[in-house]
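What follows is a set of notes on a single structure, which appears directly below.
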Amino acid sequence: MPDSPRHNLPADPNRFVGRERDLHDLRGLFAETRVVTLCGVGGIGKTRLALQVAAGLTAAHPDGVWLVELAGLRRPELVDQEIARVLGVREESGRPLLDTVAGRLRDQRCLLLLDNCEHLVDRCAEVVEALVAACPPVRVLATSREPLRIASELIWRVPPLDLPDKVTADAESVQLFLDRAAAAGTRLGPESLPDVVRLCRALDGLPLALELAAARTRLLSPGQIADRIDDRFSLLTTGGRTAPARQRTLLAAVEWSYDLLADKEQVLLSRLSVFAGDFDLDLAERVCAGPPIAAGEIVDLLGGLVDKSLVLCDESRYRLLETIRCFAVGRLRQAGEQEALRQRHLDVLCELQERYFLAEMVEPRVPWPRRLEALTATRTLLPDQRAALDWAAASGDVGLGLRLCRASTGLYPIGGNLAEIVGWLERLLALDVSSLTEDEIAYTKACLAYGLETRDELGRALEMAREALAGLAPGSLFPRCVVHSLMVVLLLRMGRADDALRHAEQGLAIAERAGDTWNQAAGLAGLSAVALTRGRLREAQRHGEEALVRAREHGHRWIMARTAGQLGAVAEARGDLVTAKAQYEMAEPWLREVGGDLDLARCLARIGRVAAMLHEFAAARERLAASFALGRETGQRQGVARCLVGLSVLAEYEGDLEGAVLTAAAAAALRESIGQHSATIRIEELLGRARTKLGEGRTAALWSRGRAMSPDDAARHVLEGRRAPARVPVPARSVRPSLLTAREHEIAGLLTRGLSNRAIAEELVISPATVARHIANIMEKLGYTSRAQIAVWASEHHQAPPRASA
């Protein structure tokens with residue numbers, strides 16, 4: 001059974017009328033044309049036409065047809081981020097986001113639909129040109145009031161709908177008017193046809209103008225509408241007459257529809273223009289209420305605007321067409337309300353995000369459905385959050401802007417883009433912050449440190465975290481706990497387990513006093529990670545189990561998944577693969593529920609690797625394939641490399657030694673391309689077994705071939721291989737004597753006693769920093785990530801620890 005087409009195209013609320021020839025011709029263009037731009041005045045029907053064209057091209061683009069709506073963006077750099085968000089691509093450390101997007105799309109047969117490019121046309125042109133050059137199979141369909149003006153572009157001028165030559169219902173413009181009038185509840189008979197024809201000619205066949213007029217047929221006849229439209233034309237000022245005829249007609253139609261609104265409807269329409277994306281009734285009431293409109297009136301007023309086709313409604317979400325929104329912005333400005341409404345919009349967004357943050361993470365005993373509702377709600381606010389932060393920066397309201405950033409930082413790590421928050425924080429901190437308290441600045445630095453760690457800027461993140469701890473007020477318990485947990489992560493990544501232990505203990509103590517189960521779970525997970533790094537497996541197990549208990553008490557699926565994953569890592573270090581797999585599998589549905597793609601990809605790779613070692617080959621293949629797809633779709637090369645390593649393990653355990661070498665080589669090449677140069681013990685031992693069984697020449701040829709393979713091809717070799725699975729036991733690991741130096745053997749043996757860096761330094765009469773460097777070298781050579789794994793290896797290979805000196 002074929003897969004369903006992949007796309008994010010919205011359902012069309014109304015029947016698409018006319019333009020059959022345009023649809024056929026446009027779809028045919030994409031067989032040879034890479035970029036097509038639909039150009040025309042606002043209201044000509046560019047978006048509707050583009051959506052219909054795209055819907056008919058889903059079968060020809062098996063990797064997806066993706067709509068990227070740009071109307072709500074106000075800054076050029078957000079174009080890259082919005083495309084990445086739609087595709088599910090996450091920013092990678094040290095790599096431009098557009099490069100990551102291009103990497104995701106390089107071999108993908110997909111169509112990007114960029115809607116409303118005109119206000120960001122220069123950046124759109126740069127992005128499209130770069131993607132087309134880097135991604136040969138990709139096609140782009142854009143809508144804009146002006147062309148992109150790039151070499152590969154085909155410009156399609158969208159014409160008005162056909163006009164009637166005589167009194168007939170055959171013309172497209174007449175068909176559209178009759179269809180929309182019927183949708184408004186008006187069935188027009190043959191006697192109305194002459195007036196409908198007159199009206200369609202007066203409106204030049206502009207779809208938006210026709211739809212606005214048709215919405216009025218419940219109150220006025222087509223003749224009455226045509227008479228009033230003619231009156232409106234005669235009232236156009238000199239400024240209007242200098243515009244192209246169709247623009248004058250559209251302006252007249254919109255002005256006429258606006259003038260027919262009741263006073264309060266006019267006020268509400270102009271105020272709704274403050275929203276950057278779609279919105280719900282609650283948000284409209286919070287932002288748009290105020291004299292002369294009471295909050296309780298908005299539901300009926302909004303319904304009236306929907307009935308008149310000035311506001312679109314999709315279930316409980318509302319939005320304005322960009323043409324209407326631009327018109328309404330002008331009316332809001334004329335009314336002198338723009339600054340007040342944008343400030344109120346910022347105030348409300350800040351209040352909502354803070355409320356969601358408290359409900360999702362901080363408040364105790366909140367049922368999980370309510371926490372999930374808060375998480376889901378905050379994701380719908382991204383376009384409006386961007387608009388609100390733009391206003392905060394433009395108006396100099398640094399305090400409120402940073403409040404919004406701080407609340408969002410707590411929500412974004414779970415399925416969001418922390419890199420974008422870093423950009424906003426840096427932009428706002430560059431303004432005048434003299435009005436902020438020391439605690440507010442410190443809290444902001446904590447958020448900045450959190451984002452910088454995700455971008456692998458460890459030194460700067462550590463500096464910001466230290467400054468945050470120094471400046472936070474004694475009563476700021478939640479952020480203080482979070483910073484301590486962040487310090488644990490940073491210091492462990494930097495090989496400083498002793499310092500990490502101190503922060504884990506301090507953070508846990510604060511969380512215990514505050515009754516904060518989220519940070520209790522995080523603190524205990526940190527203690528478990530420190531113990532695991534130091535080789536103290538029983539201690540790591542005990543802390544991990546306590547962490548999961550506290551996480552369950554809190555109820556948030558993300559912290560529950562994190563603690564379960566920590567227990568899985570401890571079980572792996574003990575060699576208990578069955579328990580490790582069970583813990584990872586426990587985390588999987590929780591991560592799916594919160595939509596944490598990056599964490600889910602890592603979890604699936606772990607399950608697949610462990611399942612392979614347990615000879616559960618079908619489960620391993622399923623999980624590794626899913627993880628690879630997530631890594632590929634989110635543009636995370638580190639995740640793709642992790643999966644290739646897991647696939648190498650699967651191939652060897654299934655008896656496909658050649659496939660194991662190929663995928664290991666592809667993983668090594670990919671890691672080198674992102675700056676990770678490491679020859680792991682797993683690869684060394686794999687190559688040793690391959691040389692013994694396949695011969696030196698064959699192994700070298702496979703390694704060379706694998707390094708030249710694309711990650712997709714390497715993965716397919718294992719995932720789609722037709723070899724009959726064979727349970728071939730993998731020999732126990734044996735380290736080549738030359739792999740570790742004598743001093744590294746010595747330190748590995750001391751780790752079996754659970755000694756700290758300082759204790760090892762005293763034993764060997766060297767500095768703790770030297771010990772840390774040796775341990776980092778051992779991890780790189782053996783392909784490990786924790787001290788516990790080195791200790792287990794040393795025990796298995798009888799690395800006897802030297803006796804302590806008397």
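By convention in this document, the chains of the structure tokens carry letters A, B, ... by their order, each chain's residues are numbered from 1, and ligands are numbered from 1 in the order they are shown.
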Selection near stretch 371-378 of chain A, 6 Å with only C-alpha atoms, sequence-local residues under 4 positions removed, as a PyMOL selection string:
chain A and resi 356+359-360
Could you give me, as a VMD selection string, the residues within 12 Å of A:Glu588, counting only C-alpha atoms and dropping anything in the same chain fewer than 2 positions from it?
chain A and resid 557 to 558 560 to 562 564 to 565 568 581 to 586 590 to 608 623 626 to 627
Closest to A:Val433 among A:Leu458, A:Ala202, A:Ala618, A:Gly396, using only C-alpha atoms?
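When distances to A:Val433 are compared using only C-alpha atoms, the smallest one comes from A:Gly396.
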Who sits within 12 Å of A:Leu358, only C-alpha atoms, same chain under 3 positions skipped, as a list in words
Glu351, Leu352, Gln353, Glu354, Arg355, Met361, Val362, Glu363, Pro364, Arg365, Val366, Arg370, Arg371, Ala374, Leu375, Thr378, Arg406, Ala407, Ser408, Gly410, Leu411, Phe478 and Trp518 of chain A
Any chance you could export the current selection's N, CA, C and O atoms as a tab-separated table (two decimals), in the first residue's frame?
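Here's the written file out_35.tsv:
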chain	number	residue	atom	x	y	z
A	351	GLU	N	2.47	37.61	29.61
A	351	GLU	CA	1.63	37.00	30.64
A	351	GLU	C	1.31	35.54	30.29
A	351	GLU	O	1.37	34.65	31.15
A	352	LEU	N	0.96	35.30	29.03
A	352	LEU	CA	0.61	33.94	28.61
A	352	LEU	C	1.80	33.00	28.73
A	352	LEU	O	1.69	31.89	29.27
A	353	GLN	N	2.96	33.42	28.23
A	353	GLN	CA	4.14	32.55	28.28
A	353	GLN	C	4.54	32.26	29.72
A	353	GLN	O	4.94	31.13	30.04
A	354	GLU	N	4.46	33.24	30.57
A	354	GLU	CA	4.80	33.00	31.98
A	354	GLU	C	3.80	32.05	32.62
A	354	GLU	O	4.18	31.18	33.41
A	355	ARG	N	2.53	32.21	32.28
A	355	ARG	CA	1.52	31.29	32.81
A	355	ARG	C	1.74	29.88	32.33
A	355	ARG	O	1.67	28.91	33.10
A	361	MET	N	6.03	23.51	34.07
A	361	MET	CA	7.24	23.03	34.72
A	361	MET	C	7.31	23.30	36.22
A	361	MET	O	7.85	22.50	36.97
A	362	VAL	N	6.82	24.44	36.67
A	362	VAL	CA	7.13	24.89	38.03
A	362	VAL	C	6.08	24.45	39.05
A	362	VAL	O	6.42	23.92	40.11
A	363	GLU	N	4.82	24.68	38.74
A	363	GLU	CA	3.78	24.43	39.74
A	363	GLU	C	3.68	22.94	40.08
A	363	GLU	O	3.73	22.09	39.18
A	364	PRO	N	3.55	22.60	41.35
A	364	PRO	CA	3.42	21.19	41.74
A	364	PRO	C	2.00	20.67	41.51
A	364	PRO	O	1.05	21.44	41.41
A	365	ARG	N	1.92	19.36	41.39
A	365	ARG	CA	0.63	18.66	41.34
A	365	ARG	C	-0.29	19.17	40.22
A	365	ARG	O	-1.50	19.27	40.39
A	366	VAL	N	0.28	19.49	39.08
A	366	VAL	CA	-0.52	19.86	37.90
A	366	VAL	C	-0.73	18.61	37.07
A	366	VAL	O	0.24	17.91	36.73
A	370	ARG	N	-2.90	19.04	31.54
A	370	ARG	CA	-2.79	20.50	31.59
A	370	ARG	C	-1.37	20.95	31.25
A	370	ARG	O	-1.17	21.97	30.58
A	371	ARG	N	-0.37	20.20	31.68
A	371	ARG	CA	1.01	20.55	31.32
A	371	ARG	C	1.20	20.44	29.81
A	371	ARG	O	1.83	21.29	29.18
A	374	ALA	N	-0.33	23.34	28.01
A	374	ALA	CA	0.51	24.53	28.08
A	374	ALA	C	1.65	24.46	27.07
A	374	ALA	O	1.98	25.44	26.39
A	375	LEU	N	2.27	23.28	26.97
A	375	LEU	CA	3.37	23.11	26.02
A	375	LEU	C	2.88	23.30	24.58
A	375	LEU	O	3.53	23.96	23.76
A	378	THR	N	2.04	27.09	23.80
A	378	THR	CA	3.18	27.99	23.59
A	378	THR	C	3.77	27.82	22.20
A	378	THR	O	4.32	28.76	21.62
A	406	ARG	N	12.73	34.94	28.95
A	406	ARG	CA	13.00	34.03	30.08
A	406	ARG	C	11.92	32.96	30.19
A	406	ARG	O	12.21	31.78	30.42
A	407	ALA	N	10.67	33.37	30.05
A	407	ALA	CA	9.59	32.38	30.11
A	407	ALA	C	9.70	31.40	28.96
A	407	ALA	O	9.51	30.19	29.12
A	408	SER	N	10.05	31.90	27.79
A	408	SER	CA	10.13	31.04	26.61
A	408	SER	C	11.31	30.09	26.69
A	408	SER	O	11.25	28.98	26.17
A	410	GLY	N	12.36	28.50	29.19
A	410	GLY	CA	11.95	27.32	29.94
A	410	GLY	C	11.10	26.37	29.14
A	410	GLY	O	11.05	25.17	29.43
A	411	LEU	N	10.44	26.88	28.09
A	411	LEU	CA	9.53	26.05	27.30
A	411	LEU	C	10.18	25.53	26.03
A	411	LEU	O	9.80	24.48	25.52
A	478	PHE	N	13.98	28.53	41.62
A	478	PHE	CA	13.89	27.69	40.43
A	478	PHE	C	15.04	27.96	39.45
A	478	PHE	O	15.73	27.02	39.04
A	518	TRP	N	10.60	18.93	40.02
A	518	TRP	CA	11.31	18.97	38.73
A	518	TRP	C	12.82	19.03	38.98
A	518	TRP	O	13.58	18.22	38.45
Using only C-alpha atoms, which residue out of A:Leu193, A:Ala55, A:Leu644, A:Ala772 lies closest to A:Arg534?
A:Ala772
Run DSSP on the backbone of this structure and report the residues of stretch 279-322 of chain A it assigns to strand (DSSP E or B), as a PDB file with N, CA and C atoms, in the first residue's frame.
ATOM      1  N   PHE A 279      -4.751  33.160  15.440  1.00  0.00           N
ATOM      2  CA  PHE A 279      -5.023  33.454  16.846  1.00  0.00           C
ATOM      3  C   PHE A 279      -6.333  32.801  17.235  1.00  0.00           C
ATOM      4  N   GLY A 290     -11.209  46.736  24.816  1.00  0.00           N
ATOM      5  CA  GLY A 290     -10.923  48.100  25.265  1.00  0.00           C
ATOM      6  C   GLY A 290     -11.878  49.042  24.580  1.00  0.00           C
ATOM      7  N   ILE A 293     -14.915  48.590  22.777  1.00  0.00           N
ATOM      8  CA  ILE A 293     -15.300  47.184  22.689  1.00  0.00           C
ATOM      9  C   ILE A 293     -15.062  46.499  24.028  1.00  0.00           C
ATOM     10  N   LEU A 312     -10.675  34.866   8.252  1.00  0.00           N
ATOM     11  CA  LEU A 312     -10.824  33.446   7.949  1.00  0.00           C
ATOM     12  C   LEU A 312     -10.847  32.656   9.244  1.00  0.00           C
ATOM     13  N   CYS A 313     -11.610  31.576   9.269  1.00  0.00           N
ATOM     14  CA  CYS A 313     -11.735  30.748  10.464  1.00  0.00           C
ATOM     15  C   CYS A 313     -11.510  29.291  10.102  1.00  0.00           C
ATOM     16  N   ASP A 314     -10.630  28.637  10.833  1.00  0.00           N
ATOM     17  CA  ASP A 314     -10.385  27.205  10.682  1.00  0.00           C
ATOM     18  C   ASP A 314     -10.551  26.583  12.054  1.00  0.00           C
ATOM     19  N   ARG A 317      -9.380  28.565  15.233  1.00  0.00           N
ATOM     20  CA  ARG A 317      -8.288  29.483  14.949  1.00  0.00           C
ATOM     21  C   ARG A 317      -8.720  30.476  13.859  1.00  0.00           C
ATOM     22  N   TYR A 318      -8.286  31.720  14.014  1.00  0.00           N
ATOM     23  CA  TYR A 318      -8.667  32.782  13.092  1.00  0.00           C
ATOM     24  C   TYR A 318      -7.409  33.395  12.470  1.00  0.00           C
ATOM     25  N   ARG A 319      -7.557  33.985  11.287  1.00  0.00           N
ATOM     26  CA  ARG A 319      -6.450  34.724  10.679  1.00  0.00           C
ATOM     27  C   ARG A 319      -6.980  35.697   9.643  1.00  0.00           C
TER      28      ARG A 319
END
Just want the 6 Å neighbourhood of stretch 99-114 of chain A, counted on only C-alpha atoms, with same-chain residues fewer than 4 positions away dropped. Output as JSON, numbers by chain.
{"A": [61, 63, 64, 65, 66, 67, 68, 131, 135, 137, 138, 139, 140, 141, 142, 635]}
All residues 8 Å or closer to stretch 753-755 of chain A, only C-alpha atoms, same chain fewer than 2 positions away omitted, as a ChimeraX atom specification:
/A:534-536,749-751,757-760,801
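Here the question is which of A:Val53, A:Val167, A:Val306, A:Leu154 gets nearest to A:Leu212 using only C-alpha atoms, and that residue is A:Val306.
Every protein or nucleic acid residue with an atom no more than 6 Å from A:Ala651, counting only C-alpha atoms and leaving out same-chain residues fewer than 4 positions away, appears here: Asp656, Gly659 and Ala660 of chain A.
By chain and then residue number, the residues within 8 Å of A:Leu97 are Asp80, Gln81, Ala84, Arg90, Glu91, Glu92 and Val101 of chain A, counting only C-alpha atoms and disregarding those fewer than 4 positions away in sequence.
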For A:Cys288, which residue among A:Leu98, A:Ala169, A:Ala761, A:Gln343 is the nearest when counting only C-alpha atoms?
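The answer is A:Gln343, which sits nearest to A:Cys288.
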Running DSSP on the backbone, which parts of stretch 336-523 of chain A land in helix (DSSP H, G or I), as number ranges by chain?
A: 338-362, 368-380, 382-395, 398-411, 418-429, 438-454, 458-471, 477-493, 497-514, 517-523
